[in-house]
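Pasted below: start26.txt, compact mmCIF, C-alpha atoms and all ligand atoms.
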```
# COMPACT_ATOMS: atom_id res chain seq x y z
CA MET A 1 89.98 -163.62 39.46
CA ASN A 2 87.92 -165.60 41.92
CA LEU A 3 86.25 -164.57 45.14
CA LYS A 4 87.92 -167.16 47.43
CA ASN A 5 89.82 -164.50 49.35
CA SER A 6 86.89 -162.10 49.32
CA ALA A 7 84.09 -161.66 51.82
CA LEU A 8 80.60 -160.38 51.07
CA LEU A 9 79.31 -158.14 53.86
CA VAL A 10 75.54 -157.63 54.05
CA ILE A 11 74.98 -154.64 56.29
CA ASP A 12 71.77 -154.08 58.30
CA MET A 13 69.13 -155.42 55.86
CA GLN A 14 66.58 -155.18 58.67
CA TYR A 15 62.87 -154.38 58.56
CA ASP A 16 63.24 -150.99 60.28
CA PHE A 17 65.44 -149.78 57.38
CA MET A 18 63.11 -151.19 54.71
CA GLU A 19 59.85 -149.88 53.26
CA LYS A 20 57.44 -148.97 56.12
CA GLY A 21 60.19 -149.36 58.71
CA SER A 22 60.71 -146.78 61.47
CA LEU A 23 63.91 -145.52 59.78
CA ALA A 24 62.99 -146.44 56.23
CA VAL A 25 65.67 -145.88 53.59
CA ALA A 26 64.16 -145.02 50.18
CA ASN A 27 64.24 -147.91 47.69
CA ALA A 28 65.81 -150.28 50.22
CA ASN A 29 63.59 -153.18 49.17
CA GLN A 30 65.00 -152.99 45.63
CA LEU A 31 68.31 -154.21 47.06
CA ILE A 32 66.95 -157.61 48.02
CA PRO A 33 67.20 -159.33 44.59
CA ILE A 34 70.62 -157.76 43.93
CA ILE A 35 72.00 -158.92 47.28
CA ASN A 36 70.46 -162.36 46.78
CA TYR A 37 72.26 -162.62 43.43
CA LEU A 38 75.52 -161.72 45.13
CA LEU A 39 74.83 -164.24 47.89
CA SER A 40 74.77 -166.99 45.28
CA LEU A 41 78.42 -166.37 44.26
CA ASN A 42 81.40 -168.32 45.55
CA TRP A 43 82.65 -166.11 48.41
CA GLY A 44 85.37 -167.07 50.85
CA LEU A 45 83.06 -165.85 53.61
CA ILE A 46 79.64 -164.20 53.91
CA VAL A 47 78.85 -162.10 56.95
CA ALA A 48 75.80 -159.99 57.79
CA SER A 49 75.55 -157.26 60.40
CA GLN A 50 72.53 -156.48 62.52
CA ASP A 51 71.91 -153.14 64.26
CA TRP A 52 70.82 -154.31 67.74
CA HIS A 53 69.96 -151.51 70.15
CA PRO A 54 68.61 -151.56 73.72
CA SER A 55 65.48 -149.36 74.05
CA ASN A 56 67.43 -146.80 76.14
CA HIS A 57 69.97 -146.28 73.34
CA VAL A 58 71.66 -142.86 73.17
CA SER A 59 70.95 -142.53 69.41
CA PHE A 60 67.17 -142.53 69.90
CA ALA A 61 65.62 -139.02 69.89
CA SER A 62 62.95 -140.42 72.23
CA ASN A 63 65.61 -140.77 74.96
CA HIS A 64 66.41 -137.02 74.93
CA LYS A 65 64.20 -134.19 76.19
CA ASN A 66 62.91 -131.82 73.51
CA LYS A 67 64.86 -133.38 70.67
CA ASN A 68 63.59 -134.48 67.28
CA SER A 69 64.78 -137.25 65.03
CA PHE A 70 67.55 -136.22 62.60
CA GLU A 71 68.79 -133.43 64.92
CA LYS A 72 72.44 -133.58 65.95
CA ILE A 73 73.62 -133.38 69.56
CA GLU A 74 77.03 -133.35 71.22
CA LEU A 75 77.59 -136.30 73.53
CA LYS A 76 79.46 -136.04 76.85
CA ASP A 77 82.67 -137.26 75.20
CA GLY A 78 82.48 -134.43 72.65
CA THR A 79 81.44 -136.56 69.66
CA MET A 80 78.48 -135.56 67.50
CA GLN A 81 75.50 -137.88 67.39
CA VAL A 82 72.64 -137.84 64.91
CA LEU A 83 69.39 -138.66 66.70
CA TRP A 84 67.24 -141.32 65.06
CA PRO A 85 63.72 -142.59 65.43
CA ASP A 86 63.65 -145.71 67.62
CA HIS A 87 64.91 -148.53 65.38
CA CYS A 88 66.28 -152.07 65.52
CA VAL A 89 65.36 -152.55 69.17
CA GLN A 90 66.72 -155.91 70.33
CA ASN A 91 64.32 -158.79 69.60
CA SER A 92 61.72 -156.55 67.90
CA TYR A 93 60.26 -157.27 64.45
CA GLY A 94 62.04 -154.19 63.08
CA ALA A 95 65.42 -155.63 64.10
CA LYS A 96 64.89 -158.81 62.07
CA ILE A 97 66.79 -159.29 58.82
CA HIS A 98 64.27 -159.23 55.95
CA ASP A 99 62.79 -162.69 55.32
CA GLU A 100 63.46 -162.53 51.58
CA ILE A 101 67.22 -162.26 52.11
CA LEU A 102 68.78 -165.71 51.53
CA ILE A 103 69.78 -165.99 55.16
CA SER A 104 70.91 -169.62 54.79
CA LYS A 105 73.90 -168.37 52.75
CA ILE A 106 75.08 -166.16 55.61
CA GLN A 107 77.72 -167.81 57.78
CA ASN A 108 78.00 -165.25 60.58
CA ILE A 109 75.91 -162.39 61.92
CA ILE A 110 77.63 -159.53 63.77
CA LYS A 111 75.41 -157.63 66.18
CA LYS A 112 76.33 -154.00 66.87
CA GLY A 113 75.04 -150.99 68.79
CA GLU A 114 74.29 -152.92 71.96
CA ASN A 115 76.00 -150.46 74.30
CA PRO A 116 73.34 -147.89 75.40
CA THR A 117 75.84 -145.01 75.63
CA VAL A 118 77.61 -145.23 72.26
CA ASP A 119 76.42 -145.74 68.69
CA SER A 120 78.05 -148.21 66.32
CA TYR A 121 77.83 -147.58 62.59
CA SER A 122 80.78 -149.72 61.56
CA ALA A 123 80.52 -153.50 61.77
CA PHE A 124 84.15 -153.51 63.01
CA PHE A 125 84.15 -150.98 65.89
CA ASP A 126 81.80 -148.80 67.92
CA ASN A 127 81.86 -145.09 67.02
CA ASN A 128 84.49 -144.39 69.71
CA HIS A 129 86.76 -147.14 68.34
CA GLN A 130 86.84 -148.57 71.88
CA ILE A 131 85.04 -151.85 71.31
CA LYS A 132 85.95 -154.18 68.46
CA THR A 133 83.47 -156.76 67.17
CA GLU A 134 84.52 -160.27 66.16
CA LEU A 135 84.39 -159.37 62.43
CA ASP A 136 88.12 -158.69 61.88
CA ALA A 137 89.15 -161.93 63.63
CA LEU A 138 86.59 -163.87 61.61
CA LEU A 139 87.92 -162.47 58.32
CA LYS A 140 91.54 -163.11 59.29
CA LYS A 141 90.75 -166.68 60.28
CA GLN A 142 89.36 -167.33 56.77
CA ARG A 143 92.33 -165.51 55.18
CA ILE A 144 90.06 -162.90 53.65
CA THR A 145 91.94 -160.03 52.00
CA ALA A 146 89.15 -158.22 50.13
CA LEU A 147 85.72 -156.97 51.17
CA TYR A 148 82.62 -156.30 49.08
CA ILE A 149 80.15 -154.27 51.12
CA THR A 150 76.40 -154.13 50.46
CA GLY A 151 73.27 -153.14 52.37
CA LEU A 152 72.17 -150.15 54.43
CA ALA A 153 72.74 -147.38 54.72
CA ALA A 154 75.36 -146.14 52.24
CA ASP A 155 76.00 -142.93 54.19
CA TYR A 156 76.22 -144.51 57.68
CA CYS A 157 76.89 -148.16 58.37
CA VAL A 158 78.20 -149.06 54.91
CA LYS A 159 80.48 -146.02 54.89
CA PHE A 160 82.00 -146.53 58.33
CA THR A 161 82.42 -150.27 57.81
CA ALA A 162 84.30 -149.49 54.57
CA ILE A 163 86.56 -146.89 56.19
CA ASP A 164 87.49 -149.32 58.97
CA GLY A 165 87.99 -152.07 56.39
CA VAL A 166 90.62 -149.98 54.58
CA GLN A 167 92.25 -149.03 57.87
CA LEU A 168 92.49 -152.70 58.84
CA GLY A 169 94.27 -153.48 55.56
CA TYR A 170 91.50 -155.03 53.47
CA LYS A 171 91.06 -154.20 49.78
CA THR A 172 87.66 -152.64 50.30
CA HIS A 173 84.87 -152.31 47.73
CA ILE A 174 81.39 -150.83 48.02
CA VAL A 175 78.88 -152.39 45.62
CA LEU A 176 77.12 -149.18 44.64
CA ASP A 177 73.94 -150.70 43.21
CA ALA A 178 73.64 -152.88 46.32
CA THR A 179 73.34 -149.95 48.74
CA GLN A 180 71.00 -146.96 49.26
CA PHE A 181 71.48 -143.61 50.98
CA ILE A 182 69.53 -142.05 53.83
CA ASP A 183 70.49 -138.72 52.23
CA ASN A 184 70.74 -139.11 48.44
CA ALA A 185 71.99 -135.55 47.97
CA ILE A 186 75.46 -136.45 49.22
CA GLU A 187 76.20 -139.20 46.67
CA PRO A 188 78.65 -137.39 44.30
CA LYS A 189 80.70 -135.99 47.19
CA TYR A 190 80.54 -139.33 48.97
CA ILE A 191 82.10 -141.28 46.13
CA ALA A 192 84.97 -138.81 45.75
CA GLU A 193 85.59 -138.72 49.51
CA LEU A 194 85.68 -142.49 49.92
CA GLU A 195 87.71 -143.11 46.75
CA GLN A 196 90.29 -140.75 48.17
CA GLN A 197 90.50 -143.02 51.21
CA GLY A 198 91.19 -146.03 49.01
CA ILE A 199 87.70 -147.50 48.75
CA VAL A 200 86.79 -148.88 45.31
CA PHE A 201 83.26 -148.64 43.92
CA VAL A 202 81.97 -151.51 41.79
CA ASN A 203 78.57 -152.67 40.62
CA SER A 204 77.00 -156.09 41.04
CA GLN A 205 77.17 -156.79 37.29
CA SER A 206 80.96 -156.69 37.30
CA LEU A 207 80.98 -159.30 40.10
CA LEU A 208 78.54 -161.64 38.41
CA GLN A 209 81.01 -161.92 35.55
CA LYS A 210 83.60 -163.33 37.98
CA ARG A 211 81.54 -166.38 38.69
C1 LIG B 1 72.17 -147.08 60.56
C2 LIG B 1 71.46 -145.05 61.35
C3 LIG B 1 71.30 -145.59 62.61
C4 LIG B 1 72.65 -147.88 59.39
C5 LIG B 1 72.03 -147.63 61.81
O1 LIG B 1 72.48 -149.12 59.40
O2 LIG B 1 73.19 -147.27 58.44
N1 LIG B 1 71.90 -145.80 60.33
N2 LIG B 1 71.59 -146.87 62.82
ZN ZN B 2 71.19 -147.76 64.72
```
Please express what this file holds, its structure, as structure tokens.
Ligand code: VGL
Ligand code: ZN
Amino acid sequence: MNLKNSALLVIDMQYDFMEKGSLAVANANQLIPIINYLLSLNWGLIVASQDWHPSNHVSFASNHKNKNSFEKIELKDGTMQVLWPDHCVQNSYGAKIHDEILISKIQNIIKKGENPTVDSYSAFFDNNHQIKTELDALLKKQRITALYITGLAADYCVKFTAIDGVQLGYKTHIVLDATQFIDNAIEPKYIAELEQQGIVFVNSQSLLQKR
């Protein structure tokens, strides 16, 4: 099997999600060498996503009176929103993809979360499924049929990108050793839940053998 019809997706490897970032994900920096290894393989397409919020973004606890980070609120449209510390503000240092990621291998970068009133975990759609990014069209243009998803965070942007990937008809994989959770406690349930939806879990070692 080769990776010609497969795309590597590198989700949100930005400073704010790394060590010392405003929304730091534990052990995120350990992903860098693993993702760089994967970036060296012969993919049909390599795409990164970048969380890219305006400072008045609805997901920031700082934009709500008397609310703390990690609390949940109900938005006007009835959807639940987790409130986050300010993160990945457009053009800030924290929004930059980590310098040690082999950025020259990445052919396209999809920005998401730019609308102040709705969050966007998936790299395909905003959380309301109203606005579609260019990712699906990009993959179709390159005749990509399979996705291998890496990056941050397993329980948010990786998860919702994978669910949309399956829904859009891609054979969708999450590279489990190339992602980290905001909430580690959910991992066993998470794998069962996503496998049930058709998502396949692999590790980077099994891909390196396909070189
Ligand atoms: C993410 C929370 C808020 C992610 C983005 O990249 O998983 N999580 N914004
Ligand atoms: Zn965000």
Would you give me, as a Markdown table, each residue of chain A having an atom within 10 Å of an atom of ligand ZN 2 (chain B), along with its shortest atom pair and that distance in Å to one decimal, using only C-alpha atoms and all ligand atoms and sorting by chain and residue number?
```
| residue | atom | partner | partner_atom | distance |
| --- | --- | --- | --- | --- |
| A:Asp12 | CA | B:ZN2 | ZN | 9.0 |
| A:Asp16 | CA | B:ZN2 | ZN | 9.7 |
| A:Phe17 | CA | B:ZN2 | ZN | 9.5 |
| A:Leu23 | CA | B:ZN2 | ZN | 9.1 |
| A:Gln50 | CA | B:ZN2 | ZN | 9.1 |
| A:Asp51 | CA | B:ZN2 | ZN | 5.4 |
| A:Trp52 | CA | B:ZN2 | ZN | 7.2 |
| A:His53 | CA | B:ZN2 | ZN | 6.7 |
| A:His57 | CA | B:ZN2 | ZN | 8.8 |
| A:Val58 | CA | B:ZN2 | ZN | 9.8 |
| A:Ser59 | CA | B:ZN2 | ZN | 7.0 |
| A:Phe60 | CA | B:ZN2 | ZN | 8.4 |
| A:Leu83 | CA | B:ZN2 | ZN | 9.5 |
| A:Trp84 | CA | B:ZN2 | ZN | 7.6 |
| A:Pro85 | CA | B:ZN2 | ZN | 9.1 |
| A:Asp86 | CA | B:ZN2 | ZN | 8.3 |
| A:His87 | CA | B:ZN2 | ZN | 6.4 |
| A:Cys88 | CA | B:ZN2 | ZN | 6.6 |
| A:Val89 | CA | B:ZN2 | ZN | 8.8 |
| A:Ala95 | CA | B:ZN2 | ZN | 9.8 |
| A:Lys112 | CA | B:ZN2 | ZN | 8.4 |
| A:Gly113 | CA | B:ZN2 | ZN | 6.5 |
| A:Glu114 | CA | B:ZN2 | ZN | 9.4 |
| A:Asp119 | CA | B:ZN2 | ZN | 6.9 |
| A:Ser120 | CA | B:ZN2 | ZN | 7.1 |
| A:Tyr121 | CA | B:ZN2 | ZN | 7.0 |
| A:Tyr156 | CA | B:ZN2 | ZN | 9.2 |
| A:Cys157 | CA | B:ZN2 | ZN | 8.5 |
```
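Distances from A:Phe125, A:Phe201, A:Trp43, A:Phe70 to A:Ile174 were compared using only C-alpha atoms, and the smallest one belongs to A:Phe201.
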Which one is closest to ligand LIG 1 (chain B): A:Asn29, A:Gln205, A:Ser49, A:Gln197? Count all atoms listed in the file. A:Ser49
Which residues come within 10 Å of A:Gly198, counting all atoms listed in the file, excluding same-chain residues fewer than 6 positions away, as a ChimeraX atom specification? /A:162-163,166-167,171-173
Output, as AutoDock Vina command-line options, the centre and edge lengths in Å (one decimal) of the axis-aligned box that contains all listed atoms of ligand LIG 1 (chain B) with 8 Å of margin on each side.
```
--center_x 72.2 --center_y -147.1 --center_z 60.6 --size_x 17.9 --size_y 20.1 --size_z 20.4
```
Using all atoms listed in the file, which of A:Ser204, A:Asn91, A:Ser22, A:Asn27 sits nearest ligand LIG 1 (chain B)?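 Looking only at the distances to ligand LIG 1 (chain B), the closest residue turns out to be A:Ser22.
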Of the candidates A:Ile97, A:Leu208, A:Ala153, A:Leu39, which shows the shortest atom-to-atom distance to ligand LIG 1 (chain B), using all atoms listed in the file?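 Among the listed residues, A:Ala153 lies closest to ligand LIG 1 (chain B).
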Interatomic distance, atom CA of A:Gln180 to atom CA of A:Asn68 (Å, one decimal): 23.1 Å
